[in-house]
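K.L.:
Here's a structure for you.
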Number of protein chains: 2
Amino acid sequence: MTTAGIPETNSGTDLWARAKKLIPGGSMLLSKRAEMYLPQGWPAYFSRTEGCSVWDLDGREFKDLGLMGIGTNILGYSRPEVDAAVHETVNKGNLSTLNAPEEVYLAEKLIELHPWADMVRYARSGGEACAIAVRIARAASGKDKVAFCGYHGWHDWYLAANLSDDDSLTGHLLPGLEPNGVPKALTGTSIPFQFNDLDQITAIMDADDQIGVIYMEVQRSDPPAPGFLEGVRALATKHNAVLIFDECTSGFRRELGGLHLHSNVEPDLATFGKTLGNGYAITAVIGRASVMEAAQTSFISSTFWTERIGPTAALATLDVMEKENATQRVHDIGTKVQAAWEQVGTDAGLTVTTGGLPALANFTIAGLDPLAVKTYITARMLDQGYLSGNSLYVSIAHTDEILAEYYQALSIVFAELAAMDDAQLAAALPHGLAQSGFRRLT
Amino acid sequence: MTTAGIPETNSGTDLWARAKKLIPGGSMLLSKRAEMYLPQGWPAYFSRTEGCSVWDLDGREFKDLGLMGIGTNILGYSRPEVDAAVHETVNKGNLSTLNAPEEVYLAEKLIELHPWADMVRYARSGGEACAIAVRIARAASGKDKVAFCGYHGWHDWYLAANLSDDDSLTGHLLPGLEPNGVPKALTGTSIPFQFNDLDQITAIMDADDQIGVIYMEVQRSDPPAPGFLEGVRALATKHNAVLIFDECTSGFRRELGGLHLHSNVEPDLATFGKTLGNGYAITAVIGRASVMEAAQTSFISSTFWTERIGPTAALATLDVMEKENATQRVHDIGTKVQAAWEQVGTDAGLTVTTGGLPALANFTIAGLDPLAVKTYITARMLDQGYLSGNSLYVSIAHTDEILAEYYQALSIVFAELAAMDDAQLAAALPHGLAQSGFRRLT
C-alpha cells in the first residue's frame, strides 16, 4: 500500500534511519518509535505544532487524532497561555543558585486540589516520580516489597517483577518488558496482582508481611469494580502498607486532579506526570505528611528537579484547565467519540467495541486481526492527513468541526475494512504490521 | 551578626519557611537548601537572572560568585543565544506524538566531540542518566555488581553502598547519605573504592568476578595520579567490566566534552548533565555501540525524555561554548581566581589553600574551623551583595571587572577573619553554622 499524502521515504523516515544508528531504539520513548505506528513511511519527526495539528519535517500538516504527545496535551498543542508563562520564565531565568518560587505555589495548588495530601516532591519524568514514591513508601513502611498492578515505568523496582517469571508484567499494559540489567538480588521484591481481583491481592498481602507498598492505577482499561478500590485501601491500612495511586496517565482526565477524586478513595501517595504541564516536563509525588516526611530520612536529590519551566508550565496549565473546565470536557468529548466510533462502524457494517477511560479511549473491530486493523487504519488515516490509529487521547483542541471531518475520513477506512478478510488485509500491508509491546529495533 | 544589605527575614526566608511545610527538605536539591548556606537570612528564591547576577524576591541584586546554579551555567545566566533557541522551540512546539529532530542532531554533535563513542541516550536529570548508564552496563556485562568512586546521585544502585556500612559513602563527596527505602536485597551490590588508590580497586576487582561496572569521576578534588586512570581502564578491560566516567559535574569545564578528553583515557560509557544545556534540563549517556546496544535488551523509556527544549538548549549551548572557547576560559578564569584567593589571603595575613578543578575551585583557610569560616564568609559576602562562600563554579560571565570587585569585597572579610580566633568566630555567628552534607531539615 502506498500513502498518497506522504511518500514512504521522506525527511522524517530518513532522519529516523539515522536516529536508529545513534540512539538505541531510535527514541527515548517506546511509544514514539516509528515502527510502533507503521513499518514504513511514518513521518517520525515534527517541526511545529498548534491545536491538534502537527507539521512534519517536510511541512505537511497532520491532525493528531491519536496520542497527543502520548497523553501530554489535554489543552491541545502550543496552548498560548501555557507557552506565554514559559516564555516569561525563559526571560526571567530558568535556573540559578537560588530556588524557583513557583515550586512552592504549585505545591499549594496540588494540595488544594487533593485535600487528603499535605506535601509534594517533583521530578521531571514519570518513571522517576514513581521511583521516588517507592523510595519514600519503602522508607515510611520500613518494608521492601511492593505489590503492584499496571504500568509504572522503567525503573529497577518495577522491572524486578520480571526477574522471577519472564512474563509477570504481561497483562500490565506492556508485554515483554525485559529486566536485563536489573539486579537479580531484587528477585521477589515486586509482586504483581490483577486489577479488580480483590481476592488475589488479599491473599498476597496476607501471605507476606514484608510488603510495605501497594502501587496501582485507579483505572487503565476497565473501571474499578464496586468495592475494589475500597477493599485495597482497607488492605493497605490493615497491613501498614503505603497505598500509591499512579495518576501519571489518568490524572486530569476526569477530575481536576487525580481520577481517584472521582472514587472517593484516598491513597497515601499519588504520582502525576503526562498532562500536568501540557507538554512541558513536570511530574510530581503528593502525599500525606506522615508518609512524605520519610523523604527526609532518605537521600532524594537532583539538580534539574529545580528548574523553573516545569512548575511554571504546570501552574499555567492548571489555571487554564480550571477556566476551561478541560478535565470534564475531555471526558465528555471522549464519551461522544466512543459513541461515534460505534456509529461509524455500524454504518460501515462493522462491529466496533470501545473501551478505556473516555478521555483515553480506544476501539476494536470484530472479526479481523487487531494489529493488522490498527496498522491499516494508521496507514490510511495518515494518507488522509491524520496521525490516528485505534485510540484517542482526547484534548479540548478536538473540536466538533475537527471531529466531524475525522469521522468522515475514518468512515472511508471502515468501509474498506468492511470489505476485507484477514488475507486481504494482510495483502494490503506489504510492509507488514506495526510493532506492539517491547521489542528490539533493528 | 546582622546583614546590612538583606534583612534576616525577607520574602525569600518567609517563602522558604512555607516551602519546608509543603516540600520535604524544602527544595528538590540538597544544595539549594537555605540552611546549606546560612542558618538564617539566606534569600532562598530568585525572581530573575542575568550574566552572573541573581535578583531575589525583593528585587535585590546579588552577584553569584558561588555555585552558579550548582554548576549548570558556564555561559552565565540567561545567555541570549541559548534562550533564543528555547523561545523558538516554545513557539514551534515542545512535544508532540512525533519526535524532536534536535535529539538526533545533538547525538551527532556529542559523538563528534567524543570520537570513541557511537551512541547516545538522554534523560532530564543527572541521577537518572547515571541510573540508565548502570542499567545498560549491567545488561551489557551480564554482571550485577558495581565498583564506584565519588558521587553519582540518589538512585538505589548507588545508595545501596550504604546498606552494609552506614558510612561507605563518606569521603565520596557527601557524608551521611541515608539508604532508607533502598531494598536491603541490594546489600553488597555497590562497592566503593578510593580515588587514586589503584591497588585497592585492583584487589576489589580481583576478589569478585561479579563486578561488571566501574563507575567514577575523572577528577573531583585531586587530579588523577599518573597511571591511575590508565590502570583502571586496563582493569575494566581485563575483567570484562564496563568503565563509566561520570562527567555530569566535570564535563565542559576544561575540554569541549568530557574531562577525560584531557587525559586520553577512554571509558565505555560517559554521563553528562549540569552545564550541558546551560541551565535547561538535559542529561545524556554516551557510549560505545557494543555496550549501548544493550539498551535495546532492557526497557528504558520515559515520555519527558522526548521533550524538545533539552536538546535544543544543549545544541545552542555547545555552539556558544565552541565560539566563545568557553571551556578553556572557565579553566583559565578559575586558575586566576585560585591565585587571587591565595594573594588576598596573604595580604590579609591568612594562609589560604586552594583546591579542585580550576573551573570548580575552592579554598580553605588555615587555623580556623572550616564550616564556621564558610558560614561567616557567606554571611558577610551576602551583606556586600554576593552569593559566595568558599567555592566558585566559574562561568564566562565572571569578567575581570566583576572579579576585581569581588576580590575587594572578599579582602574585607578576610581581614575580619584574620583578626579572629575560633571563639570570636563562633560569637560572630549567633544563629550557628551552615549545614554540611545530608541532614534532616526541621
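Chain labels A, B, ... are given in the sequence in which chains occur in the C-alpha cells; within each chain residues are numbered consecutively from 1, and ligands are likewise numbered from 1 in the order shown.
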Please identify all residues of chain A having at least one atom at most 6 Å from any atom of chain B, considering only C-alpha atoms, and return them as number ranges by chain.
P.N.:
A: 19, 22-24, 28-30, 44-46, 48-49, 68-70, 78, 92-93, 95-101, 104, 119-121, 125, 135, 138-139, 144, 154, 177-181, 183, 185, 279, 281, 293, 296, 298-305, 440
K.L.:
When DSSP is applied to the backbone of this structure, which of range 269-348 of chain B are assigned helix (DSSP H, G or I)? Write them out as a PyMOL selection string.
P.N.:
chain B and resi 274-277+289-297+303-306+309-324+326-348
K.L.:
Pick from A:Tyr37, A:Phe148, A:Tyr407, A:Phe228: nearest to Asp347 in chain A, with only C-alpha atoms counted?
P.N.:
A:Tyr407
K.L.:
Could you check which of A:Asp14, A:Tyr158, A:Val320, A:Val146 is closest to Asp208 in chain A, using only C-alpha atoms?
P.N.:
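Using only C-alpha atoms, the shortest distance to Asp208 in chain A belongs to A:Val146.
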K.L.:
In range 100-258 of chain A, what's strand (DSSP E or B) per DSSP? Answer as a PyMOL selection string?
P.N.:
chain A and resi 119-123+145-148+179+190-192+211-216+242-246
K.L.:
Report the distance between CA of Thr399 in chain B and CA of Gln338 in chain B in Å, rounded to one decimal place.
P.N.:
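Separating CA of Thr399 in chain B from CA of Gln338 in chain B is a distance of 14.8 Å.
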K.L.:
What does the distance between CA of Ile244 in chain A and CA of Met216 in chain A come to in Å, to one decimal place?
P.N.:
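Atom-to-atom, CA of Ile244 in chain A to CA of Met216 in chain A, that is 6.4 Å.
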K.L.:
Between CA of Gln328 in chain B and CA of Arg254 in chain B, what is the spacing in Å?
P.N.:
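These atoms are spaced 5.4 Å apart.
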K.L.:
Using only C-alpha atoms, which residue out of A:Tyr393, A:Trp341, A:Phe363, A:Tyr151 lies closest to Ser411 in chain A?
P.N.:
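The shortest atom-to-atom distance to Ser411 in chain A comes from A:Trp341.
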K.L.:
Fewer than 2 positions away in the same chain doesn't count, so skip those; otherwise give me all residues within 7 Å of Asn196 in chain A, counting only C-alpha atoms, as a ChimeraX atom specification.
P.N.:
/A:194,198,224-225,228
K.L.:
If you keep C-alpha atoms, can you produce a file of those selected residues as an mmCIF file, in the first residue's frame?
P.N.:
```cif
data_model
loop_
_atom_site.group_PDB
_atom_site.id
_atom_site.type_symbol
_atom_site.label_atom_id
_atom_site.label_comp_id
_atom_site.auth_asym_id
_atom_site.auth_seq_id
_atom_site.Cartn_x
_atom_site.Cartn_y
_atom_site.Cartn_z
ATOM 1 C CA GLN A 194 -4.604 -8.275 38.716
ATOM 2 C CA LEU A 198 -9.597 -8.285 45.421
ATOM 3 C CA PRO A 224 -12.822 -0.446 39.152
ATOM 4 C CA ALA A 225 -15.478 -2.926 40.275
ATOM 5 C CA PHE A 228 -12.374 -2.927 44.736
#
```
K.L.:
List the spatial neighbours of Gly355 in chain B as a list in words - criterion: any atom at most 12 Å away, only C-alpha atoms, same-chain residues fewer than 4 positions off excluded.
P.N.:
Gln219, Arg220, Ser221, Asp222, Pro223, Gly334, Thr335, Val337, Gln338, Ala339, Trp341, Glu342, Ala359, Leu360, Ala361, Asn362, Phe363, Thr364, Ile365, Asn390, Ser391 and Leu392 of chain B
